[in-house]
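Printed here is work07.tsv (TSV, C-alpha atoms and all ligand atoms):
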```tsv
chain	number	residue	atom	x	y	z
A	20	MET	CA	-13.13	23.96	1.81
A	21	PHE	CA	-11.90	24.96	-1.62
A	22	ASN	CA	-8.51	25.98	-2.91
A	23	SER	CA	-8.29	29.17	-4.91
A	24	LYS	CA	-6.76	29.09	-8.37
A	25	ILE	CA	-5.67	31.82	-10.74
A	26	ALA	CA	-8.32	31.61	-13.46
A	27	GLY	CA	-7.19	34.69	-15.41
A	28	ILE	CA	-4.17	36.96	-15.44
A	29	GLY	CA	-3.26	40.22	-17.19
A	30	TYR	CA	-0.88	43.15	-17.06
A	31	TYR	CA	-0.52	46.59	-18.49
A	32	VAL	CA	2.47	48.91	-18.69
A	33	PRO	CA	2.23	52.47	-20.03
A	34	GLU	CA	3.59	53.15	-23.51
A	35	LYS	CA	6.14	55.78	-22.54
A	36	VAL	CA	9.62	54.25	-22.19
A	37	VAL	CA	12.10	56.19	-20.03
A	38	THR	CA	15.68	55.01	-20.41
A	39	ASN	CA	18.59	55.54	-18.05
A	40	PHE	CA	19.88	58.05	-20.60
A	41	ASP	CA	16.64	60.05	-20.28
A	42	LEU	CA	17.24	60.32	-16.52
A	43	ILE	CA	20.80	61.56	-17.04
A	44	LYS	CA	19.25	64.68	-18.60
A	45	VAL	CA	17.65	65.69	-15.28
A	46	MET	CA	19.96	64.31	-12.55
A	47	ASP	CA	23.54	63.37	-11.90
A	48	THR	CA	23.49	59.63	-12.61
A	49	SER	CA	24.75	57.26	-15.28
A	50	ASP	CA	23.55	54.28	-17.27
A	51	GLU	CA	26.56	52.38	-15.97
A	52	TRP	CA	25.75	53.08	-12.28
A	53	ILE	CA	22.08	52.13	-12.66
A	54	GLN	CA	22.73	48.94	-14.62
A	55	GLU	CA	25.59	47.81	-12.46
A	56	ARG	CA	23.76	48.33	-9.14
A	57	THR	CA	20.20	47.41	-10.15
A	58	GLY	CA	20.11	45.79	-13.61
A	59	ILE	CA	17.58	48.38	-14.79
A	60	VAL	CA	17.86	49.65	-18.38
A	61	GLU	CA	14.51	51.40	-18.76
A	62	ARG	CA	11.14	51.80	-17.12
A	63	ARG	CA	7.64	52.97	-18.14
A	64	TYR	CA	5.94	56.19	-17.05
A	65	ALA	CA	2.19	56.72	-17.26
A	66	GLU	CA	0.74	59.69	-19.08
A	67	LYS	CA	0.02	62.41	-16.54
A	68	HIS	CA	-3.55	63.76	-16.44
A	69	LYS	CA	-4.72	60.87	-18.63
A	70	GLU	CA	-3.65	57.87	-16.58
A	71	SER	CA	-3.60	57.17	-12.85
A	72	THR	CA	-2.97	54.16	-10.64
A	73	SER	CA	-6.59	53.00	-10.92
A	74	THR	CA	-6.73	53.38	-14.72
A	75	LEU	CA	-3.59	51.26	-15.07
A	76	GLY	CA	-5.24	48.71	-12.79
A	77	VAL	CA	-8.40	48.70	-14.92
A	78	LYS	CA	-6.43	47.84	-18.06
A	79	ALA	CA	-4.74	44.89	-16.37
A	80	ALA	CA	-8.02	43.79	-14.76
A	81	GLU	CA	-9.89	43.79	-18.09
A	82	ILE	CA	-7.39	41.32	-19.52
A	83	ALA	CA	-7.44	39.09	-16.42
A	84	ILE	CA	-11.25	39.03	-16.37
A	85	ALA	CA	-11.51	38.21	-20.09
A	86	ARG	CA	-8.96	35.40	-19.71
A	87	ALA	CA	-10.96	33.98	-16.82
A	88	GLY	CA	-13.85	33.70	-19.27
A	89	ILE	CA	-16.15	35.93	-17.23
A	90	THR	CA	-17.27	39.58	-17.30
A	91	ALA	CA	-16.78	42.40	-14.81
A	92	LYS	CA	-20.34	41.77	-13.59
A	93	ASP	CA	-19.26	38.33	-12.31
A	94	ILE	CA	-16.60	39.74	-9.97
A	95	ASP	CA	-17.83	39.65	-6.38
A	96	PHE	CA	-14.93	41.25	-4.52
A	97	ILE	CA	-11.99	43.53	-5.31
A	98	VAL	CA	-8.60	43.62	-3.61
A	99	PHE	CA	-6.38	46.49	-4.75
A	100	ALA	CA	-2.73	46.69	-3.68
A	101	THR	CA	-0.78	49.90	-4.20
A	102	LEU	CA	1.49	52.38	-2.42
A	103	SER	CA	0.80	55.11	-4.96
A	104	PRO	CA	-2.99	55.51	-4.88
A	105	ASP	CA	-4.95	58.05	-6.92
A	106	TYR	CA	-6.08	59.77	-3.70
A	107	TYR	CA	-4.95	59.85	-0.08
A	108	PHE	CA	-8.46	58.51	0.44
A	109	PRO	CA	-10.66	56.84	-0.73
A	110	GLY	CA	-8.55	53.95	-1.95
A	111	SER	CA	-8.02	53.02	-5.57
A	112	GLY	CA	-10.25	49.91	-5.23
A	113	VAL	CA	-13.45	51.93	-5.37
A	114	LEU	CA	-12.14	53.98	-8.30
A	115	LEU	CA	-11.44	50.83	-10.27
A	116	GLN	CA	-14.85	49.54	-9.28
A	117	ARG	CA	-16.52	52.72	-10.58
A	118	GLN	CA	-14.64	52.64	-13.88
A	119	MET	CA	-15.51	48.97	-14.44
A	120	GLY	CA	-19.17	49.33	-13.46
A	121	MET	CA	-18.95	46.82	-10.63
A	122	ASN	CA	-20.80	48.98	-8.12
A	123	GLY	CA	-22.04	47.43	-4.92
A	124	ILE	CA	-19.41	44.76	-4.34
A	125	GLY	CA	-16.76	45.15	-1.66
A	126	ALA	CA	-13.43	46.78	-2.48
A	127	LEU	CA	-10.47	46.43	-0.15
A	128	ASP	CA	-7.22	48.37	-0.43
A	129	ILE	CA	-3.97	46.76	0.63
A	130	ARG	CA	-1.03	48.90	1.74
A	131	ASN	CA	1.89	46.55	2.01
A	132	GLN	CA	4.09	48.06	-0.65
A	133	CYS	CA	6.40	45.55	-2.39
A	134	SER	CA	4.70	42.68	-0.56
A	135	GLY	CA	1.25	44.08	-1.39
A	136	PHE	CA	0.40	41.58	-4.11
A	137	ILE	CA	1.20	38.54	-1.95
A	138	TYR	CA	-0.60	40.04	1.05
A	139	GLY	CA	-3.56	40.65	-1.30
A	140	LEU	CA	-3.30	37.11	-2.65
A	141	SER	CA	-3.44	35.77	0.88
A	142	VAL	CA	-6.55	37.82	1.70
A	143	ALA	CA	-8.28	36.89	-1.55
A	144	ASP	CA	-7.34	33.23	-1.03
A	145	GLN	CA	-9.04	33.16	2.39
A	146	PHE	CA	-12.27	34.56	0.93
A	147	VAL	CA	-12.31	31.97	-1.85
A	148	LYS	CA	-11.28	29.08	0.41
A	149	THR	CA	-14.15	29.68	2.79
A	150	GLY	CA	-16.63	29.86	-0.07
A	151	MET	CA	-17.53	33.48	0.66
A	152	TYR	CA	-16.65	34.72	-2.86
A	153	LYS	CA	-16.37	32.95	-6.23
A	154	ASN	CA	-14.60	35.52	-8.40
A	155	VAL	CA	-12.14	37.77	-6.59
A	156	LEU	CA	-10.26	40.38	-8.60
A	157	LEU	CA	-6.81	41.09	-7.21
A	158	VAL	CA	-4.93	44.05	-8.66
A	159	GLY	CA	-1.44	45.40	-8.02
A	160	ALA	CA	-0.85	48.79	-9.62
A	161	GLU	CA	1.55	51.69	-9.22
A	162	MET	CA	2.05	55.11	-10.70
A	163	HIS	CA	5.34	56.07	-9.07
A	164	SER	CA	6.37	58.58	-11.69
A	165	CYS	CA	4.29	61.43	-10.30
A	166	GLY	CA	5.73	61.09	-6.77
A	167	LEU	CA	9.49	60.94	-7.31
A	168	ASP	CA	12.21	63.53	-6.78
A	169	PHE	CA	13.73	64.14	-10.21
A	170	THR	CA	16.70	66.08	-8.84
A	171	THR	CA	20.07	64.53	-7.96
A	172	ARG	CA	18.97	64.48	-4.31
A	173	GLY	CA	16.41	61.78	-5.12
A	174	ARG	CA	18.51	59.71	-7.51
A	175	ASN	CA	19.01	56.67	-5.27
A	176	VAL	CA	15.23	56.12	-5.23
A	177	THR	CA	14.02	57.66	-8.47
A	178	VAL	CA	16.09	55.60	-10.91
A	179	ILE	CA	14.65	52.38	-9.48
A	180	PHE	CA	10.90	52.84	-9.81
A	181	GLY	CA	8.50	52.50	-12.72
A	182	ASP	CA	4.76	52.42	-13.41
A	183	GLY	CA	2.57	49.45	-14.29
A	184	ALA	CA	-0.21	47.12	-13.22
A	185	GLY	CA	-0.98	43.43	-13.00
A	186	ALA	CA	-4.16	41.59	-12.07
A	187	VAL	CA	-5.49	38.11	-11.44
A	188	VAL	CA	-8.94	36.59	-10.98
A	189	LEU	CA	-9.11	33.98	-8.25
A	190	GLN	CA	-11.76	31.27	-8.41
A	191	PRO	CA	-12.46	28.19	-6.28
A	192	THR	CA	-11.29	24.72	-7.25
A	193	GLU	CA	-12.24	21.52	-5.47
A	194	ASP	CA	-8.86	20.04	-6.34
A	195	GLN	CA	-6.90	20.46	-3.09
A	196	ALA	CA	-3.63	19.76	-4.92
A	197	LYS	CA	-4.09	22.78	-7.22
A	198	GLY	CA	-4.07	26.56	-6.89
A	199	VAL	CA	-2.68	28.58	-3.99
A	200	LEU	CA	-1.10	26.01	-1.68
A	201	SER	CA	-0.05	28.45	1.02
A	202	THR	CA	0.88	32.07	1.72
A	203	HIS	CA	3.33	33.32	4.35
A	204	LEU	CA	3.22	36.92	5.58
A	205	HIS	CA	5.69	38.78	7.78
A	206	ALA	CA	6.45	42.30	8.95
A	207	ASP	CA	8.90	44.15	11.20
A	208	GLY	CA	7.88	47.74	11.89
A	209	GLU	CA	11.24	48.43	13.51
A	210	HIS	CA	12.43	49.50	10.07
A	211	ALA	CA	9.33	51.47	9.05
A	212	GLU	CA	11.10	54.72	8.15
A	213	ARG	CA	14.03	53.09	6.31
A	214	LEU	CA	11.98	52.89	3.13
A	215	SER	CA	9.09	55.29	3.36
A	216	TYR	CA	7.04	58.12	1.98
A	217	LEU	CA	6.04	59.90	5.15
A	218	ASN	CA	3.95	62.80	3.90
A	219	PRO	CA	1.15	63.56	3.86
A	220	GLY	CA	0.60	61.97	7.25
A	221	SER	CA	-0.54	62.51	10.82
A	222	HIS	CA	2.92	62.17	12.38
A	223	GLY	CA	3.67	65.90	12.41
A	224	GLY	CA	7.36	65.05	12.29
A	225	VAL	CA	7.18	62.83	15.37
A	226	PHE	CA	7.92	59.22	14.58
A	227	LEU	CA	6.51	57.21	17.44
A	228	GLY	CA	8.91	54.76	18.95
A	229	THR	CA	11.87	56.37	17.22
A	230	GLU	CA	13.79	59.62	17.34
A	231	LYS	CA	11.41	62.56	17.89
A	232	PHE	CA	11.94	65.91	16.32
A	233	GLY	CA	8.52	67.36	15.57
A	234	TYR	CA	7.65	69.94	12.96
A	235	PRO	CA	7.31	73.57	14.05
A	236	ASP	CA	3.55	73.49	14.12
A	237	GLN	CA	0.63	74.75	16.17
A	238	GLU	CA	-0.42	72.68	19.18
A	239	PHE	CA	-3.83	71.88	17.70
A	240	GLY	CA	-5.06	71.67	14.15
A	241	GLY	CA	-2.63	71.50	11.29
A	242	ALA	CA	-2.96	69.26	8.27
A	243	PHE	CA	-1.76	65.98	6.86
A	244	LEU	CA	0.16	68.08	4.37
A	245	THR	CA	1.66	71.21	5.91
A	246	GLU	CA	3.40	74.24	4.45
A	247	HIS	CA	6.51	73.11	6.33
A	248	MET	CA	6.55	69.80	4.46
A	249	ILE	CA	6.29	71.58	1.14
A	250	ALA	CA	8.79	74.33	2.01
A	251	THR	CA	11.38	71.73	2.98
A	252	GLU	CA	10.37	69.49	0.05
A	253	ASP	CA	9.72	66.67	2.52
A	254	ILE	CA	7.30	65.18	0.04
A	255	TYR	CA	9.31	62.42	-1.57
A	256	PRO	CA	10.09	58.79	-0.81
A	257	ASN	CA	13.32	58.04	1.00
A	258	MET	CA	15.29	54.84	1.30
A	259	ASP	CA	18.31	53.59	3.18
A	260	GLY	CA	19.25	51.35	0.25
A	261	GLN	CA	22.03	49.38	1.89
A	262	HIS	CA	19.92	48.63	4.96
A	263	VAL	CA	17.05	47.45	2.76
A	264	PHE	CA	19.40	45.37	0.61
A	265	LYS	CA	20.90	43.63	3.63
A	266	PHE	CA	17.52	42.57	4.99
A	267	ALA	CA	16.15	41.64	1.58
A	268	VAL	CA	18.86	39.09	0.86
A	269	THR	CA	18.21	37.47	4.25
A	270	LYS	CA	14.43	37.52	4.30
A	271	PHE	CA	13.79	36.39	0.69
A	272	PRO	CA	15.47	32.97	1.14
A	273	GLU	CA	13.97	32.59	4.64
A	274	VAL	CA	10.36	33.13	3.56
A	275	ILE	CA	10.80	30.93	0.47
A	276	GLN	CA	12.15	28.08	2.60
A	277	GLU	CA	9.18	28.58	4.94
A	278	ALA	CA	6.76	28.09	2.03
A	279	LEU	CA	8.64	25.05	0.71
A	280	HIS	CA	8.84	23.48	4.15
A	281	ALA	CA	5.12	24.06	4.82
A	282	ASN	CA	4.28	22.02	1.71
A	283	GLY	CA	6.96	19.36	1.93
A	284	TYR	CA	8.96	20.64	-1.05
A	285	GLN	CA	12.56	21.59	-1.70
A	286	ALA	CA	13.96	24.38	-3.87
A	287	LYS	CA	14.65	21.90	-6.68
A	288	ASP	CA	10.89	21.25	-6.95
A	289	ILE	CA	10.21	24.86	-8.03
A	290	ASP	CA	9.34	25.12	-11.74
A	291	MET	CA	9.14	28.92	-11.82
A	292	PHE	CA	10.31	31.45	-9.24
A	293	ILE	CA	8.82	34.94	-9.54
A	294	PRO	CA	10.66	37.31	-7.23
A	295	HIS	CA	9.42	40.82	-6.56
A	296	GLN	CA	11.50	42.91	-8.96
A	297	ALA	CA	13.38	45.06	-6.43
A	298	ASN	CA	16.88	44.79	-7.80
A	299	LEU	CA	18.36	42.28	-10.26
A	300	ARG	CA	21.30	41.77	-7.88
A	301	ILE	CA	18.93	40.74	-5.08
A	302	SER	CA	17.07	38.32	-7.38
A	303	GLN	CA	20.34	36.81	-8.60
A	304	PHE	CA	21.56	36.38	-5.03
A	305	VAL	CA	18.34	34.60	-4.06
A	306	GLN	CA	18.42	32.45	-7.21
A	307	GLN	CA	21.95	31.35	-6.38
A	308	LYS	CA	21.02	30.64	-2.77
A	309	LEU	CA	18.17	28.41	-3.95
A	310	GLY	CA	20.34	26.77	-6.60
A	311	LEU	CA	17.84	27.52	-9.38
A	312	SER	CA	18.87	27.59	-13.05
A	313	ASP	CA	18.15	30.72	-15.15
A	314	ASP	CA	15.15	29.13	-16.89
A	315	LYS	CA	13.38	28.77	-13.52
A	316	VAL	CA	13.47	32.47	-12.60
A	317	TRP	CA	11.59	35.30	-14.27
A	318	ASN	CA	13.23	38.73	-14.20
A	319	ASN	CA	11.93	41.77	-16.06
A	320	ILE	CA	13.27	44.62	-13.92
A	321	GLN	CA	15.57	45.46	-16.85
A	322	LYS	CA	12.50	46.68	-18.80
A	323	TYR	CA	10.17	48.02	-16.13
A	324	GLY	CA	12.21	48.92	-13.04
A	325	ASN	CA	10.61	48.23	-9.68
A	326	THR	CA	6.82	48.48	-9.99
A	327	THR	CA	6.24	47.54	-6.35
A	328	ALA	CA	2.80	45.90	-5.89
A	329	ALA	CA	2.56	45.38	-9.65
A	330	SER	CA	5.90	43.69	-10.16
A	331	ILE	CA	4.93	40.12	-9.25
A	332	PRO	CA	1.69	39.95	-11.28
A	333	ILE	CA	3.40	41.58	-14.29
A	334	ALA	CA	6.28	39.10	-14.12
A	335	LEU	CA	3.94	36.16	-13.50
A	336	CYS	CA	1.79	37.16	-16.46
A	337	GLU	CA	4.79	37.58	-18.76
A	338	ALA	CA	6.13	34.18	-17.73
A	339	TRP	CA	2.70	32.60	-18.32
A	340	GLU	CA	2.33	34.29	-21.72
A	341	ALA	CA	5.79	33.01	-22.68
A	342	GLY	CA	4.64	29.46	-21.90
A	343	LYS	CA	6.99	29.22	-18.93
A	344	VAL	CA	4.19	28.66	-16.42
A	345	LYS	CA	2.19	25.59	-17.39
A	346	GLU	CA	-0.47	23.34	-15.96
A	347	ASN	CA	0.81	21.55	-12.84
A	348	ASP	CA	3.93	23.71	-12.49
A	349	LEU	CA	5.01	24.64	-8.98
A	350	VAL	CA	5.27	28.45	-8.90
A	351	CYS	CA	6.91	30.31	-6.05
A	352	LEU	CA	6.26	34.02	-5.44
A	353	ALA	CA	8.31	36.03	-2.95
A	354	ALA	CA	8.60	39.67	-1.98
A	355	PHE	CA	10.39	41.99	0.41
A	356	GLY	CA	9.99	45.72	0.90
A	357	SER	CA	8.89	48.76	2.86
A	358	GLY	CA	7.55	48.10	6.34
A	359	PHE	CA	9.61	46.03	6.39
A	360	THR	CA	7.22	43.43	5.06
A	361	TRP	CA	8.04	40.17	3.34
A	362	ALA	CA	5.95	37.32	2.04
A	363	SER	CA	5.84	34.22	-0.13
A	364	ALA	CA	3.30	32.01	-1.83
A	365	LEU	CA	3.39	28.60	-3.46
A	366	ILE	CA	0.99	27.89	-6.28
A	367	ARG	CA	0.36	24.62	-8.10
A	368	TRP	CA	-0.72	25.98	-11.51
A	401	LIG	O1	11.37	47.16	-3.62
A	401	LIG	C1	11.70	47.88	-2.49
A	401	LIG	C2	12.89	47.36	-1.89
A	401	LIG	N1	14.03	48.15	-2.29
A	401	LIG	C3	15.17	47.54	-2.47
A	401	LIG	O2	15.25	46.34	-2.39
A	401	LIG	C4	16.41	48.38	-2.70
A	401	LIG	C5	17.59	47.75	-2.03
A	401	LIG	N2	18.79	48.55	-2.19
A	401	LIG	C6	19.41	48.68	-3.37
A	401	LIG	O3	18.97	48.12	-4.35
A	401	LIG	C7	20.69	49.46	-3.42
A	401	LIG	O4	21.04	49.87	-2.11
A	401	LIG	C8	20.59	50.71	-4.33
A	401	LIG	C9	20.57	50.28	-5.79
A	401	LIG	C10	19.38	51.52	-4.02
A	401	LIG	C11	21.83	51.60	-4.13
A	401	LIG	O5	23.01	50.88	-4.36
A	401	LIG	P1	24.18	50.92	-3.28
A	401	LIG	O6	25.27	50.14	-3.85
A	401	LIG	O7	23.63	50.50	-1.96
A	401	LIG	O8	24.57	52.46	-3.29
A	401	LIG	P2	24.61	53.50	-2.07
A	401	LIG	O9	23.25	53.94	-1.71
A	401	LIG	O10	25.51	52.97	-1.00
A	401	LIG	O11	25.36	54.70	-2.77
A	401	LIG	C12	26.70	54.56	-3.28
A	401	LIG	C13	27.07	55.83	-4.00
A	401	LIG	C14	26.80	57.09	-3.17
A	401	LIG	O12	27.84	58.01	-3.47
A	401	LIG	P3	29.10	58.19	-2.47
A	401	LIG	O13	28.51	58.58	-1.17
A	401	LIG	O14	29.76	56.84	-2.45
A	401	LIG	O15	29.89	59.24	-3.17
A	401	LIG	C15	25.51	57.60	-3.71
A	401	LIG	O16	25.36	58.98	-3.56
A	401	LIG	O17	26.28	55.97	-5.18
A	401	LIG	C16	25.65	57.24	-5.17
A	401	LIG	N3	24.37	57.13	-5.87
A	401	LIG	C17	24.25	57.26	-7.19
A	401	LIG	N4	25.14	57.55	-8.15
A	401	LIG	C18	24.69	57.62	-9.41
A	401	LIG	C19	23.16	56.84	-5.34
A	401	LIG	N5	22.25	56.79	-6.32
A	401	LIG	C20	22.90	57.04	-7.47
A	401	LIG	C21	22.48	57.13	-8.81
A	401	LIG	N6	23.42	57.43	-9.74
A	401	LIG	N7	21.22	56.92	-9.20
```
In structure tokens, what does this structure look like?
Amino acid sequence: MFNSKIAGIGYYVPEKVVTNFDLIKVMDTSDEWIQERTGIVERRYAEKHKESTSTLGVKAAEIAIARAGITAKDIDFIVFATLSPDYYFPGSGVLLQRQMGMNGIGALDIRNQCSGFIYGLSVADQFVKTGMYKNVLLVGAEMHSCGLDFTTRGRNVTVIFGDGAGAVVLQPTEDQAKGVLSTHLHADGEHAERLSYLNPGSHGGVFLGTEKFGYPDQEFGGAFLTEHMIATEDIYPNMDGQHVFKFAVTKFPEVIQEALHANGYQAKDIDMFIPHQANLRISQFVQQKLGLSDDKVWNNIQKYGNTTAASIPIALCEAWEAGKVKENDLVCLAAFGSGFTWASALIRW
């Protein structure tokens, strides 16, 4: 058995900066409200018709691959995490593969939203550990900007999200004390619709196991995307923010303690904590709960908003580039989001 280690890491954010003041021009919100509730000052939006989720992922992947000291031809498996894919299907993994000329190798898409990167890390880790693959490319990328409601109706969701991508290359190491020490994955589908983007989908307005209302539709046939969905503008993400917040501040500390416990560590042993960038207030709450000083937590939501599956690899890469993640450091990753799903990972760098 091997451990898997992060041999290369990279990120890319689009050039276009969208400030809170830019959003005020299109919806009833304020810089004060956004900063006070979320910590966000600005975010990046990709260039429509020129960029897409997979192209953002390619840019991050190129950097990660170069830093691993290999070429795209050496990659033997792709894991791509996103909730905002280029297409409904096929997934963005094969599109990245095509753009990078890595045809023939397997490409797996992960749909675990904010926890997508850690779920992907766990999957990639298993492949490397067993010796099945030697160079696994794991990408988290999002282009939220083309799927948000830019009217006041959508303000509670829209102000939070931004575009970006992060990537790592995982390789085997024989040193059992190094690399990914453990990953911990959880989900509770009870809350599936509390943070969701339901259309297009096969539900037809009937949410199994919950309240049923059903779209006015024919008995047979229909489509994933119906005229009814478009007419009622039921084509945007929705979030019960307070409900999500309440669970996030409970589950983050829980899943971090689980990772620490599994490896015989305590919070004070963490050298760098990289939380999923959901809300600065959530990260600060978790930091306080763990008793970590400011220099042991990396937050960049102020600059990029919530980039979902991309937020952890972007933050991890920034921290590494800043020299804050060094050889032998104990790095803790943790995420919570839509599903609900939540996850953590401990890495000995
Ligand atoms: O990564 C995925 C996981 N997502 C999260 O972790 C998000 C967790 N939740 C949150 O971060 C917070 O719930 C939000 C930042 C989304 C919202 O903050 P909140 O303090 O929970 O606000 P709220 O939804 O309870 O809304 C309070 C008020 C409402 O007005 P009334 O009903 O009190 O008059 C909203 O309509 O704020 C209003 N509001 C806004 N006002 C200005 C909602 N969004 C906005 C906005 N600008 N963008």
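Comparing A:Ser302, A:Thr170, A:Gln261, A:Thr251 by their smallest distance to ligand LIG 401 (chain A), the closest is A:Gln261 (using all atoms listed in the file).
Contacts with ligand LIG 401 (chain A) are defined as any residue atom within 7 Å of a ligand atom, using all atoms listed in the file; the residues meeting this criterion are Asp47, Thr48, Ser49, Trp52, Ile53, Arg56, Thr57, Cys133, Arg174, Asn175, Val176, Val178, Asp259, Gly260, Gln261, Val263, Phe264, Ala267, Gln296, Ala297, Asn298, Asn325, Thr327, Phe355, Gly356 and Ser357 of chain A.
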Option closest in space to Gln145 (chain A), from A:Val199, A:Met162, A:Ala85, A:Val32 [counting all atoms listed in the file]: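 Among the listed residues, the smallest separation from Gln145 (chain A) belongs to A:Val199.
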Given all atoms listed in the file as the counted atoms, nearest of A:Lys92, A:Lys153, A:Arg172, A:His163 to Ser71 (chain A):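 When distances to Ser71 (chain A) are compared using all atoms listed in the file, the smallest one comes from A:His163.
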For Thr360 (chain A), the nearest of the candidates A:Leu189, A:Leu42, A:Ala143, A:Leu204, counting all atoms listed in the file: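 Distance minimum relative to Thr360 (chain A) lands on A:Leu204.
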Asp182 (chain A) surroundings by only C-alpha atoms, 8 Å radius, close-in-sequence under 6 positions cut, as a PyMOL selection string: chain A and resi 32-33+62-65+160-164+323+326
Long-range neighbours of Tyr106 (chain A) as a ChimeraX atom specification, 12 Å cut-off, only C-alpha atoms, 5 positions minimum in chain: /A:71-73,101,111-114,128,162,219
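Residue nearest Phe304 (chain A), chosen from A:Ile320, A:Leu140, A:Val268, A:Ser330 and counting only C-alpha atoms: A:Val268.
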Val305 (chain A) environment, 12 Å, only C-alpha atoms, sequence neighbours closer than 6 positions dropped, as number ranges by chain: A: 264, 267-276, 286, 292-299, 311-313, 316, 353-355
Reconstruct N, CA, C and O atoms of region 151-162 of chain A from the incomplete input and present them as a compact mmCIF listing (two decimals), keeping the file's coordinate frame.
```
# COMPACT_ATOMS: atom_id res chain seq x y z
N MET A 151 -16.81 32.21 0.55
CA MET A 151 -17.53 33.48 0.66
C MET A 151 -17.66 34.17 -0.71
O MET A 151 -18.69 34.76 -1.01
N TYR A 152 -16.59 34.11 -1.52
CA TYR A 152 -16.65 34.72 -2.86
C TYR A 152 -16.17 33.72 -3.91
O TYR A 152 -15.31 32.88 -3.63
N LYS A 153 -16.71 33.90 -5.14
CA LYS A 153 -16.37 32.95 -6.23
C LYS A 153 -15.44 33.54 -7.27
O LYS A 153 -14.70 32.82 -7.95
N ASN A 154 -15.47 34.86 -7.41
CA ASN A 154 -14.60 35.52 -8.40
C ASN A 154 -14.00 36.75 -7.73
O ASN A 154 -14.64 37.81 -7.68
N VAL A 155 -12.78 36.62 -7.23
CA VAL A 155 -12.14 37.77 -6.59
C VAL A 155 -11.11 38.36 -7.55
O VAL A 155 -10.27 37.63 -8.09
N LEU A 156 -11.22 39.66 -7.74
CA LEU A 156 -10.26 40.38 -8.60
C LEU A 156 -9.17 40.97 -7.71
O LEU A 156 -9.46 41.75 -6.80
N LEU A 157 -7.95 40.57 -7.97
CA LEU A 157 -6.81 41.09 -7.21
C LEU A 157 -5.92 41.89 -8.16
O LEU A 157 -5.47 41.37 -9.19
N VAL A 158 -5.70 43.14 -7.80
CA VAL A 158 -4.93 44.05 -8.66
C VAL A 158 -3.74 44.59 -7.89
O VAL A 158 -3.85 44.93 -6.72
N GLY A 159 -2.59 44.67 -8.55
CA GLY A 159 -1.44 45.40 -8.02
C GLY A 159 -1.08 46.46 -9.03
O GLY A 159 -0.84 46.13 -10.21
N ALA A 160 -1.10 47.72 -8.64
CA ALA A 160 -0.85 48.79 -9.62
C ALA A 160 -0.08 49.93 -8.97
O ALA A 160 -0.29 50.22 -7.79
N GLU A 161 0.77 50.56 -9.75
CA GLU A 161 1.55 51.69 -9.22
C GLU A 161 1.75 52.75 -10.28
O GLU A 161 2.04 52.42 -11.44
N MET A 162 1.61 53.99 -9.85
CA MET A 162 2.05 55.11 -10.70
C MET A 162 3.04 55.91 -9.85
O MET A 162 2.69 56.88 -9.19
```
